[in-house]
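Some notes on the structure that comes next.
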Amino acid sequence: MPNTAKNIVLVDDHVIIRNGLKELIAKLGPYTIVAEYDNGKEFVAALPGLPATDLIIMDLSMPEMDGDEVMEVLIQRGIDIPVLILTLNTNENRLIRLFRQGVRGYLQKNCTAAMMKEALHEIFAKGYYHNEHMQYALRAQDRPPKKTEQELILEKLSVREKEFLKLICHPEEYTYQQIAGIMNVQHRTVDGYRETIFEKLGIKSKTGLVLFILRHKLMDHLV
């Protein structure tokens, strides 16, 4: 990554956490904290005069306006500044929604300095931070396929597995039990689809699976 300093904005309602982040980030690379805000509402109010910003590091759960609401405002105003979410919330559906809204990565608030360093580097170098995606991209670069990536991925999946994947990404956010009902199969059969797909695609979680589908633009190719 070039040595040109990257401008970062912090949005977190805990002053102690912001101070800790400032001290940590200053040690991790050529990064400059150019502004900080107590909550989403304060940040949104400051958008017209926001300093030149390369990355927003934002708490997910804040009073007055949380991270989800801030992302909606950024989308509405056509602001495409990368966002790294900090959160203690590991709810998969919520994290998936954030990635759909354009979030480039997330870290738990108890992450290590090494994890923060990696996340910053990956976002600035690659545009996103997600380990499963990075591993797949590296494997694909090492073995350039004659067919497109989409074709190679889809060839691995059965018709029923594709149907399962489409329901996983449905806006209604179906549970596995609901998916079993829609597909008219037993819950254990759906569990079997999930585990087989995890193994075929090298995915370890529902979040990783949905992000994989979105990144590779597979939705229009599923039954």
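Quick note on naming: the chains in the structure tokens go A, B, ... in the order shown, residues restart at 1 in each chain, and ligands are numbered from 1 in order of appearance.
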
Selection near Val15 of chain A, 10 Å with only C-alpha atoms, sequence-local residues under 6 positions removed, as a list in words
Leu21, Glu36, Tyr37 and Asp38 of chain A

Item to complete: Give the helix (DSSP H, G or I) residues of chain A, as DSSP finds them on the backbone, and put them as number ranges by chain.
Response: A: 15-28, 40-45, 47-49, 67-76, 92-100, 113-126, 131-142, 149-155, 159-168, 176-183, 187-201, 206-215, 219-221

task: Can you work out which one of A:Lys206, A:Lys27, A:Lys147, A:Lys156 has the shortest atom-to-atom distance to Tyr174 of chain A, counting only C-alpha atoms?
output: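 Of A:Lys206, A:Lys27, A:Lys147, A:Lys156, the one nearest Tyr174 of chain A is A:Lys206, counting only C-alpha atoms.
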
Within 12 Å of Gly192 of chain A, counting only C-alpha atoms, which residues qualify if same-chain residues fewer than 3 places away don't, as a ChimeraX atom specification? /A:160-161,164,176,180,185-189,195-199

Any chance you could export the current selection's N, CA and C atoms as a PDB file, in the first residue's frame?
```pdb
ATOM      1  N   ARG A 160     -31.461 -28.441  -6.600  1.00  0.00           N
ATOM      2  CA  ARG A 160     -32.045 -28.198  -5.274  1.00  0.00           C
ATOM      3  C   ARG A 160     -31.130 -27.309  -4.424  1.00  0.00           C
ATOM      4  N   GLU A 161     -29.838 -27.472  -4.592  1.00  0.00           N
ATOM      5  CA  GLU A 161     -28.901 -26.613  -3.853  1.00  0.00           C
ATOM      6  C   GLU A 161     -29.015 -25.168  -4.329  1.00  0.00           C
ATOM      7  N   PHE A 164     -32.093 -23.746  -2.765  1.00  0.00           N
ATOM      8  CA  PHE A 164     -31.792 -23.440  -1.361  1.00  0.00           C
ATOM      9  C   PHE A 164     -31.042 -22.109  -1.250  1.00  0.00           C
ATOM     10  N   TYR A 176     -34.018 -21.483   8.463  1.00  0.00           N
ATOM     11  CA  TYR A 176     -33.838 -22.800   7.861  1.00  0.00           C
ATOM     12  C   TYR A 176     -35.135 -23.614   7.930  1.00  0.00           C
ATOM     13  N   ALA A 180     -37.198 -25.137   4.727  1.00  0.00           N
ATOM     14  CA  ALA A 180     -37.596 -26.538   4.624  1.00  0.00           C
ATOM     15  C   ALA A 180     -39.065 -26.637   4.207  1.00  0.00           C
ATOM     16  N   VAL A 185     -39.404 -30.226   2.240  1.00  0.00           N
ATOM     17  CA  VAL A 185     -38.483 -31.275   2.676  1.00  0.00           C
ATOM     18  C   VAL A 185     -38.345 -31.200   4.198  1.00  0.00           C
ATOM     19  N   GLN A 186     -37.722 -32.212   4.792  1.00  0.00           N
ATOM     20  CA  GLN A 186     -37.466 -32.214   6.220  1.00  0.00           C
ATOM     21  C   GLN A 186     -36.354 -31.216   6.559  1.00  0.00           C
ATOM     22  N   HIS A 187     -36.378 -30.723   7.803  1.00  0.00           N
ATOM     23  CA  HIS A 187     -35.355 -29.783   8.246  1.00  0.00           C
ATOM     24  C   HIS A 187     -33.954 -30.378   8.077  1.00  0.00           C
ATOM     25  N   ARG A 188     -33.807 -31.681   8.350  1.00  0.00           N
ATOM     26  CA  ARG A 188     -32.478 -32.299   8.236  1.00  0.00           C
ATOM     27  C   ARG A 188     -31.995 -32.333   6.785  1.00  0.00           C
ATOM     28  N   THR A 189     -32.938 -32.351   5.841  1.00  0.00           N
ATOM     29  CA  THR A 189     -32.548 -32.307   4.431  1.00  0.00           C
ATOM     30  C   THR A 189     -31.952 -30.943   4.092  1.00  0.00           C
ATOM     31  N   GLU A 195     -24.671 -27.978   4.565  1.00  0.00           N
ATOM     32  CA  GLU A 195     -23.344 -28.520   4.843  1.00  0.00           C
ATOM     33  C   GLU A 195     -22.613 -28.906   3.553  1.00  0.00           C
ATOM     34  N   THR A 196     -23.350 -29.453   2.591  1.00  0.00           N
ATOM     35  CA  THR A 196     -22.743 -29.837   1.315  1.00  0.00           C
ATOM     36  C   THR A 196     -22.244 -28.604   0.567  1.00  0.00           C
ATOM     37  N   ILE A 197     -23.044 -27.536   0.568  1.00  0.00           N
ATOM     38  CA  ILE A 197     -22.651 -26.300  -0.110  1.00  0.00           C
ATOM     39  C   ILE A 197     -21.455 -25.669   0.592  1.00  0.00           C
ATOM     40  N   PHE A 198     -21.468 -25.666   1.927  1.00  0.00           N
ATOM     41  CA  PHE A 198     -20.317 -25.141   2.669  1.00  0.00           C
ATOM     42  C   PHE A 198     -19.036 -25.840   2.214  1.00  0.00           C
ATOM     43  N   GLU A 199     -19.123 -27.165   2.095  1.00  0.00           N
ATOM     44  CA  GLU A 199     -17.944 -27.941   1.711  1.00  0.00           C
ATOM     45  C   GLU A 199     -17.543 -27.655   0.266  1.00  0.00           C
TER      46      GLU A 199
END
```

Next on the checklist: Set the distance at 6 Å and use only C-alpha atoms: which residues neighbour Tyr129 of chain A once local chain neighbours fewer than 5 positions away are removed? I'd like the list as a ChimeraX atom specification.
Outcome noted: /A:105,119,122-123

Would you kindly return, as a list in words, each protein, DNA or RNA residue with an atom no farther than 9 Å from any atom of Asn7 of chain A, considering only C-alpha atoms and excluding same-chain residues fewer than 4 positions away?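 Contacts, with the query itself left out: Pro30, Tyr31, Thr32, Ile33, Val34, Ala35, Pro51, Ala52, Thr53, Asp54, Leu55 and Ile56 of chain A.
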
So which residues of segment 91-189 of chain A fall under strand (DSSP E) by DSSP, listed as a PDB file with C-alpha atoms, in the first residue's frame?
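What follows is the written file out_0.pdb:
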```pdb
ATOM      1  CA  GLY A 105     -16.092  -4.947   6.309  1.00  0.00           C
ATOM      2  CA  TYR A 106     -16.791  -5.450   9.981  1.00  0.00           C
ATOM      3  CA  LEU A 107     -14.814  -6.205  13.116  1.00  0.00           C
ATOM      4  CA  GLN A 108     -15.903  -7.133  16.597  1.00  0.00           C
TER       5      GLN A 108
END
```

One decimal place gives the atom CA of Asp191 of chain A-atom CA of Leu154 of chain A separation as 19.6 Å

Pick from A:Leu222, A:Val73, A:Met183, A:Glu172 nearest to Ser158 of chain A, counting only C-alpha atoms |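 Nearest to Ser158 of chain A: A:Leu222.
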
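Atom pair atom CA of Glu151 of chain A / atom CA of His221 of chain A: separated by 9.4 Å.
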
| field | Option closest in space to Thr87 of chain A, from A:Arg100, A:Lys126, A:Lys204, A:Lys109 [counting only C-alpha atoms] | value |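 Using only C-alpha atoms, the shortest distance to Thr87 of chain A belongs to A:Lys109.
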
Residue neighbourhood Ile96 of chain A, 12 Å, only C-alpha atoms, exclusion window fewer than 3 positions, as number ranges by chain
A: 68, 90-93, 99-106, 168-171, 173, 205-215

- Quick one: pull the distance between atom CA of Met58 of chain A and atom CA of Val11 of chain A, Å, one decimal.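 That distance, rounded to one decimal, is 4.6 Å.
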
Discussion item. Report as a ChimeraX atom specification all protein, DNA and RNA residues lying within 8 Å of Asp66 of chain A, evaluated on only C-alpha atoms, omitting residues in the same chain fewer than 6 positions from it.
Written reply: /A:39-40,59-60

- Message: I'd like to know which of A:Leu24, A:Val9, A:Leu95, A:Asp80 is closest to Met116 of chain A, using only C-alpha atoms.
- Response: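 Using only C-alpha atoms, Met116 of chain A sits closest to A:Leu24.
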